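Below is one structure, written out as structure tokens; comments come after it.
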Amino acid sequence: MFILLAFAFIAGNAAQDIVLKWMEKSGAVFMYNNDSDLNNGKTDCSDKIIGGTGDLQDLTPVWIGKIPRLTEGSKLYISVSENARPYIHLFYKDAADYIFIENNEKQEIPVKLLTGNDLEIRIEACSYAGPQWDGNCSLTAIIEASKHTYTDTLRLKVAPFIMLSAVKPAQQIYVRDFPGKNEKFIQALKDIAAQLGVQLKIVPAGNYPAWEIWLQDIMEIGYSRTPTVCNHVVLKSNRGKPLDDMPEKEMLAPGFGWFKIGEYRPGNGGGKGGDGWLDWFGNLEVTPPLPGYPYGRVFYGYNKATGNSMNPLVVQMLEAQGVQTPLIKIHTGWLMIKHVDEIFNFVPSKGKEGKGFKVLVPDVTITYELLEKWNKEGKGSLPVLKDLRENATISTLLEDRGLRDLNMKLQEEEIEENIDSMKQAIGIDESDIIRIPSLFEKYREYAGALIPNMVNSVHMNGHMLIADPRGPVENGNDLMQEYVRVRLSKEGIEVHFLDDLPYHLWGGEVHCGTNVVYKPGDSPIYE
């Protein structure tokens, strides 16, 4: 008799039912081999070879135990479960070479390889679990001898794609060079990144059309892990724009993979009004770890008026990973751009009580409370919204009845509904929420930020990168900045306000224009 072995997992015979559950440190798991250890611009699983030592490490080893006495004429076969055949590659080792095994129902391997040592087999995936495949694979070894047939089966599962929460340690931040527009923004990022030990990656202007600046929207940077390998992986978005190719062209490398799921949908990814921004990845985020959900939960936006949402194939793929589910749907149809990163953000909390994080949400009532307070203090003539609204002051904002009515209606009917949905979904209450001053204005039948949206910000290692709200300035001090700075300092967060005017004028803020590579932890708990 013989047995199949996989790293950190031993299978019994075919009659046994082995239930696999994803764990970071054990389990019969194998990698979707979508990085490029040869650094040749192609994912390693796109061919039928093992490209050197680095590539070999990404393939999970499986062994067939040696058999000292085999009868003459015995044959050895490997059989792959039918559902998995299109999505995996197998190789067996013969001397110093690894030979590709065709995924037939029953593929013969030279039986002589079992007479001396254990036979090494390597497995890689060419896909994550998703609509087309559940990610499970059964390998059956069969020996046909003269009088008996022996079989043994090992069940494996492809390691999931896991999205990374912004409370994890930051390693890199990406931004796009936008000549003549964002020099001050990039300089601020350089200074902050240097202070935090985070690598700044500037995407050159000449590589893509100048107006393609939305790095948050082109990709979701996550990771995959087996007991021995951990790779960053980029999920590419479906926007139909040249910048979408950046993950493949400029980020694919050893230990850094990419993949895509679904296709470009002009009505949901074209970015030309209506629901045209729903497939952009500012509309796809993840919470920090939660009780019962050690990797957090993914959430995304939809328009309940039209029924449209994030690409269903992307949603189905994320559901199939089984680690950040069930996904949470947030109604974003009332917003012009319709992205969840305009409504929710997460920061770590230093408090000993609570969930270990706080949720940032927009709140217009706080804005009016602050404006009224400052007006009563005799500051009504102080200018606000510099470069955004001509001759605007504290007093004129308070006197604009139409603006106030719009914002109070949005707060009551839309924003609070979203907050209640998130509270219910992840088990938080008001003590877990930080309400950030906000104001919206009408764009056609939708709403967009009037005050630069400070919720749409970036957390890196205890520091927050936030859009300059262009509030009232007294003695060189922006009063709205100061309110936010003091509020976040209670959570141990240091705030940096950035001039993001070109981003704001185009409907986005700091989070929209950047993308951060966060570090996967050895443990799902925030480090």
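Following the order of the structure tokens, chains are lettered A, B, ..., residues in each are numbered from 1, and ligands are numbered from 1.
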- request: Excluding range 306-309 of chain A and residues on its chain fewer than 4 positions from it, collect all residues at most 8 Å away from it, counting only C-alpha atoms, and give them as a PyMOL selection string.
  value: chain A and resi 268+275+278-279+300-302
Could you write out that same residue set with N, CA and C atoms as a compact mmCIF listing (two decimals), in the first residue's frame?
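Output below, filename out-v3.txt:
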# COMPACT_ATOMS: atom_id res chain seq x y z
N ASN A 268 -21.24 50.21 -16.90
CA ASN A 268 -20.87 50.14 -15.48
C ASN A 268 -19.39 50.40 -15.23
N ASP A 275 -24.49 54.88 -13.98
CA ASP A 275 -23.82 53.85 -13.18
C ASP A 275 -22.43 53.52 -13.71
N LEU A 278 -19.49 52.08 -11.31
CA LEU A 278 -19.74 51.02 -10.33
C LEU A 278 -18.67 49.94 -10.35
N ASP A 279 -18.07 49.65 -11.51
CA ASP A 279 -17.07 48.59 -11.61
C ASP A 279 -15.66 49.05 -11.23
N TYR A 300 -19.10 46.41 -1.01
CA TYR A 300 -19.12 47.08 -2.31
C TYR A 300 -20.44 47.81 -2.48
N GLY A 301 -20.48 48.71 -3.47
CA GLY A 301 -21.64 49.55 -3.65
C GLY A 301 -22.54 49.11 -4.79
N TYR A 302 -23.83 49.44 -4.63
CA TYR A 302 -24.80 49.16 -5.69
C TYR A 302 -25.81 50.29 -5.73
Would you give me, as JSON lines, each residue of range 99-166 of chain A having an atom within 8 Å of an atom of range 59-69 of chain A, along with its shortest atom pair and that distance in Å to one decimal, using only C-alpha atoms and sorting by chain and residue number?
{"residue": "A:Leu114", "atom": "CA", "partner": "A:Lys66", "partner_atom": "CA", "distance": 4.7}
{"residue": "A:Thr115", "atom": "CA", "partner": "A:Pro68", "partner_atom": "CA", "distance": 5.5}
{"residue": "A:Gly116", "atom": "CA", "partner": "A:Lys66", "partner_atom": "CA", "distance": 6.4}
{"residue": "A:Asn117", "atom": "CA", "partner": "A:Lys66", "partner_atom": "CA", "distance": 5.3}
{"residue": "A:Asp118", "atom": "CA", "partner": "A:Lys66", "partner_atom": "CA", "distance": 4.5}
{"residue": "A:Leu119", "atom": "CA", "partner": "A:Ile64", "partner_atom": "CA", "distance": 5.0}
{"residue": "A:Glu120", "atom": "CA", "partner": "A:Trp63", "partner_atom": "CA", "distance": 4.7}
{"residue": "A:Ile121", "atom": "CA", "partner": "A:Val62", "partner_atom": "CA", "distance": 5.0}
{"residue": "A:Arg122", "atom": "CA", "partner": "A:Pro61", "partner_atom": "CA", "distance": 4.6}
{"residue": "A:Ile123", "atom": "CA", "partner": "A:Leu59", "partner_atom": "CA", "distance": 5.3}
{"residue": "A:Glu124", "atom": "CA", "partner": "A:Leu59", "partner_atom": "CA", "distance": 5.1}
{"residue": "A:Ala141", "atom": "CA", "partner": "A:Ile64", "partner_atom": "CA", "distance": 7.7}
Any chance you can output those residues with N, CA and C atoms as a tab-separated table (two decimals), in the first residue's frame?
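Writing done, so here's result-v7.tsv:
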chain	number	residue	atom	x	y	z
A	114	LEU	N	8.96	4.93	-8.66
A	114	LEU	CA	8.53	4.58	-7.32
A	114	LEU	C	9.43	3.57	-6.63
A	115	THR	N	10.40	3.03	-7.33
A	115	THR	CA	11.17	1.92	-6.77
A	115	THR	C	12.33	2.38	-5.88
A	116	GLY	N	12.74	3.63	-5.98
A	116	GLY	CA	13.88	4.08	-5.19
A	116	GLY	C	13.49	5.06	-4.10
A	117	ASN	N	12.89	6.19	-4.50
A	117	ASN	CA	12.53	7.24	-3.55
A	117	ASN	C	11.06	7.59	-3.72
A	118	ASP	N	10.58	8.42	-2.77
A	118	ASP	CA	9.24	8.96	-2.96
A	118	ASP	C	9.21	9.76	-4.25
A	119	LEU	N	8.09	9.65	-4.96
A	119	LEU	CA	7.94	10.39	-6.22
A	119	LEU	C	7.37	11.77	-5.91
A	120	GLU	N	8.10	12.79	-6.33
A	120	GLU	CA	7.68	14.18	-6.08
A	120	GLU	C	6.81	14.68	-7.21
A	121	ILE	N	5.68	15.22	-6.85
A	121	ILE	CA	4.77	15.86	-7.79
A	121	ILE	C	4.55	17.29	-7.33
A	122	ARG	N	4.47	18.23	-8.25
A	122	ARG	CA	4.21	19.63	-7.91
A	122	ARG	C	2.90	20.07	-8.57
A	123	ILE	N	2.14	20.92	-7.86
A	123	ILE	CA	0.85	21.37	-8.36
A	123	ILE	C	0.75	22.89	-8.25
A	124	GLU	N	0.20	23.52	-9.28
A	124	GLU	CA	-0.11	24.94	-9.28
A	124	GLU	C	-1.50	25.14	-9.86
A	141	ALA	N	-3.83	8.67	-7.02
A	141	ALA	CA	-2.75	7.83	-7.54
A	141	ALA	C	-3.26	6.40	-7.65
**Prompt:** Using only C-alpha atoms, which residues sit within 12 Å of range 37-43 of chain A once same-chain residues fewer than 5 positions away are excluded, as a ChimeraX atom specification?
**Reply:** /A:32,48-59,124-127,231,233,245-259
Could you save the residues just selected, with C-alpha atoms, as a PDB file, in the first residue's frame?
ATOM      1  CA  TYR A  32      -2.637  30.255  -8.094  1.00  0.00           C
ATOM      2  CA  LYS A  48       3.755  24.348 -18.890  1.00  0.00           C
ATOM      3  CA  ILE A  49       7.224  24.619 -17.395  1.00  0.00           C
ATOM      4  CA  ILE A  50       8.693  25.346 -13.972  1.00  0.00           C
ATOM      5  CA  GLY A  51      10.878  28.406 -14.408  1.00  0.00           C
ATOM      6  CA  GLY A  52      13.651  27.943 -11.884  1.00  0.00           C
ATOM      7  CA  THR A  53      13.925  27.785  -8.110  1.00  0.00           C
ATOM      8  CA  GLY A  54      11.681  30.774  -7.390  1.00  0.00           C
ATOM      9  CA  ASP A  55       8.884  29.368  -9.493  1.00  0.00           C
ATOM     10  CA  LEU A  56       9.317  25.909  -7.963  1.00  0.00           C
ATOM     11  CA  GLN A  57       8.723  27.334  -4.483  1.00  0.00           C
ATOM     12  CA  ASP A  58       5.277  28.541  -5.581  1.00  0.00           C
ATOM     13  CA  LEU A  59       4.193  24.992  -6.483  1.00  0.00           C
ATOM     14  CA  GLU A 124      -0.111  24.942  -9.283  1.00  0.00           C
ATOM     15  CA  ALA A 125      -3.440  26.583 -10.045  1.00  0.00           C
ATOM     16  CA  CYS A 126      -4.236  28.716 -13.077  1.00  0.00           C
ATOM     17  CA  SER A 127      -7.266  30.321 -11.466  1.00  0.00           C
ATOM     18  CA  ASN A 231       2.654  36.582  -2.667  1.00  0.00           C
ATOM     19  CA  VAL A 233      -1.609  39.735  -5.926  1.00  0.00           C
ATOM     20  CA  ASP A 245      -2.962  47.450 -17.821  1.00  0.00           C
ATOM     21  CA  MET A 246      -0.516  48.841 -15.253  1.00  0.00           C
ATOM     22  CA  PRO A 247      -0.672  45.802 -12.906  1.00  0.00           C
ATOM     23  CA  GLU A 248       0.414  43.479 -15.710  1.00  0.00           C
ATOM     24  CA  LYS A 249       2.905  45.824 -17.370  1.00  0.00           C
ATOM     25  CA  GLU A 250       4.567  47.440 -14.356  1.00  0.00           C
ATOM     26  CA  MET A 251       3.801  45.444 -11.200  1.00  0.00           C
ATOM     27  CA  LEU A 252       4.053  41.803 -12.257  1.00  0.00           C
ATOM     28  CA  ALA A 253       7.283  40.472 -10.731  1.00  0.00           C
ATOM     29  CA  PRO A 254       8.634  37.700  -8.496  1.00  0.00           C
ATOM     30  CA  GLY A 255       6.284  37.551  -5.515  1.00  0.00           C
ATOM     31  CA  PHE A 256       3.821  40.002  -7.088  1.00  0.00           C
ATOM     32  CA  GLY A 257       1.072  38.503  -9.237  1.00  0.00           C
ATOM     33  CA  TRP A 258      -2.007  39.746 -11.046  1.00  0.00           C
ATOM     34  CA  PHE A 259      -5.262  38.406 -12.464  1.00  0.00           C
TER      35      PHE A 259
END
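In terms of minimum interatomic distance to Arg404 in chain A, A:Lys442 ranks closest within A:Lys350, A:Asn515, A:Lys442, A:His339, counting only C-alpha atoms.
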Which neighbours of Asn207 in chain A fall inside 10 Å, counting only C-alpha atoms, when residues of the same chain fewer than 4 positions from it are skipped, and could you give them as a ChimeraX atom specification? /A:177,203,242-243,246
Those residues with N, CA and C atoms, as an mmCIF file, in the first residue's frame please?
data_model
loop_
_atom_site.group_PDB
_atom_site.id
_atom_site.type_symbol
_atom_site.label_atom_id
_atom_site.label_comp_id
_atom_site.auth_asym_id
_atom_site.auth_seq_id
_atom_site.Cartn_x
_atom_site.Cartn_y
_atom_site.Cartn_z
ATOM 1 N N ASP A 177 1.896 60.573 -11.837
ATOM 2 C CA ASP A 177 2.407 61.893 -12.184
ATOM 3 C C ASP A 177 1.421 62.573 -13.131
ATOM 4 N N VAL A 203 3.965 56.640 -10.909
ATOM 5 C CA VAL A 203 3.728 56.134 -12.256
ATOM 6 C C VAL A 203 3.985 57.264 -13.231
ATOM 7 N N PRO A 242 -6.538 52.463 -20.730
ATOM 8 C CA PRO A 242 -5.130 52.027 -20.802
ATOM 9 C C PRO A 242 -4.471 51.825 -19.448
ATOM 10 N N LEU A 243 -4.796 52.676 -18.457
ATOM 11 C CA LEU A 243 -4.146 52.564 -17.154
ATOM 12 C C LEU A 243 -4.469 51.242 -16.460
ATOM 13 N N MET A 246 -1.699 48.615 -16.073
ATOM 14 C CA MET A 246 -0.516 48.841 -15.253
ATOM 15 C C MET A 246 -0.129 47.651 -14.381
#
| said: Which residues are near Lys157 in chain A? Cut-off 7 Å, only C-alpha atoms, ignore same chain within fewer than 4 positions. Put them as number ranges by chain. | reply: A: 28-30, 135-137
Test item, strand (DSSP E) assignment across range 257-456 of chain A, answer as JSON, numbers by chain = {"A": [257, 258, 259, 260, 284, 285, 286, 298, 299, 300, 301, 302, 328, 329, 330, 331, 345, 346, 347, 348, 357, 358, 359, 360, 361, 362, 363, 433, 434, 435, 436, 437, 440, 441, 442, 443, 446, 447, 448, 449]}
Grab the residues selected above and save them as a PDB file, in the first residue's frame with C-alpha atoms.
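To be explicit, this is the file written out as selection-v9.pdb:
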ATOM      1  CA  GLY A 257       1.072  38.503  -9.237  1.00  0.00           C
ATOM      2  CA  TRP A 258      -2.007  39.746 -11.046  1.00  0.00           C
ATOM      3  CA  PHE A 259      -5.262  38.406 -12.464  1.00  0.00           C
ATOM      4  CA  LYS A 260      -8.597  39.595 -13.794  1.00  0.00           C
ATOM      5  CA  LEU A 284     -14.674  47.631  -3.479  1.00  0.00           C
ATOM      6  CA  GLU A 285     -13.244  47.687   0.057  1.00  0.00           C
ATOM      7  CA  VAL A 286     -12.731  45.445   3.091  1.00  0.00           C
ATOM      8  CA  VAL A 298     -15.566  42.712   1.759  1.00  0.00           C
ATOM      9  CA  PHE A 299     -18.118  45.410   0.959  1.00  0.00           C
ATOM     10  CA  TYR A 300     -19.118  47.075  -2.306  1.00  0.00           C
ATOM     11  CA  GLY A 301     -21.641  49.552  -3.652  1.00  0.00           C
ATOM     12  CA  TYR A 302     -24.800  49.159  -5.692  1.00  0.00           C
ATOM     13  CA  ILE A 328     -21.805  43.454   2.291  1.00  0.00           C
ATOM     14  CA  LYS A 329     -23.830  45.542  -0.198  1.00  0.00           C
ATOM     15  CA  ILE A 330     -23.964  49.292   0.405  1.00  0.00           C
ATOM     16  CA  HIS A 331     -26.390  51.585  -1.450  1.00  0.00           C
ATOM     17  CA  ASN A 345     -13.074  54.325   5.912  1.00  0.00           C
ATOM     18  CA  PHE A 346     -11.377  52.427   8.735  1.00  0.00           C
ATOM     19  CA  VAL A 347      -8.571  53.413  11.087  1.00  0.00           C
ATOM     20  CA  PRO A 348      -6.982  51.515  13.983  1.00  0.00           C
ATOM     21  CA  PHE A 357     -10.734  50.123  14.898  1.00  0.00           C
ATOM     22  CA  LYS A 358     -12.981  53.081  14.209  1.00  0.00           C
ATOM     23  CA  VAL A 359     -15.161  53.743  11.170  1.00  0.00           C
ATOM     24  CA  LEU A 360     -14.988  57.155   9.495  1.00  0.00           C
ATOM     25  CA  VAL A 361     -18.294  58.331   7.978  1.00  0.00           C
ATOM     26  CA  PRO A 362     -19.478  61.662   6.502  1.00  0.00           C
ATOM     27  CA  ASP A 363     -21.790  63.812   8.584  1.00  0.00           C
ATOM     28  CA  ILE A 433     -17.862  55.572  14.589  1.00  0.00           C
ATOM     29  CA  ILE A 434     -16.066  58.843  13.941  1.00  0.00           C
ATOM     30  CA  ARG A 435     -18.286  61.340  12.143  1.00  0.00           C
ATOM     31  CA  ILE A 436     -16.342  63.604   9.789  1.00  0.00           C
ATOM     32  CA  PRO A 437     -17.579  67.074   8.731  1.00  0.00           C
ATOM     33  CA  PHE A 440     -22.501  67.740  -0.591  1.00  0.00           C
ATOM     34  CA  GLU A 441     -23.866  69.583  -3.585  1.00  0.00           C
ATOM     35  CA  LYS A 442     -26.116  68.517  -6.440  1.00  0.00           C
ATOM     36  CA  TYR A 443     -24.640  67.081  -9.650  1.00  0.00           C
ATOM     37  CA  TYR A 446     -26.839  62.905  -7.821  1.00  0.00           C
ATOM     38  CA  ALA A 447     -24.668  64.249  -4.997  1.00  0.00           C
ATOM     39  CA  GLY A 448     -20.954  65.007  -4.926  1.00  0.00           C
ATOM     40  CA  ALA A 449     -18.634  66.420  -2.275  1.00  0.00           C
TER      41      ALA A 449
END
Within 7 Å of Thr140 in chain A using only C-alpha atoms, minus same-chain residues under 6 positions, as a VMD selection string = chain A and resid 78 to 80 151 to 154
Q: Go through A:Thr393, A:Ser421, A:Ser438, A:Thr332 one by one, measure the shortest atom-to-atom distance of each to Ile366 in chain A using only C-alpha atoms, and give the residue with the smallest value.
A: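 Residue with the minimum atom-to-atom distance to Ile366 in chain A: A:Ser438.
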*Could you tell me, as number ranges by chain, which residues of range 134-310 of chain A DSSP assigns to alpha helix (DSSP H) when given the backbone?*
A: 183-196, 215-218, 246, 266-269
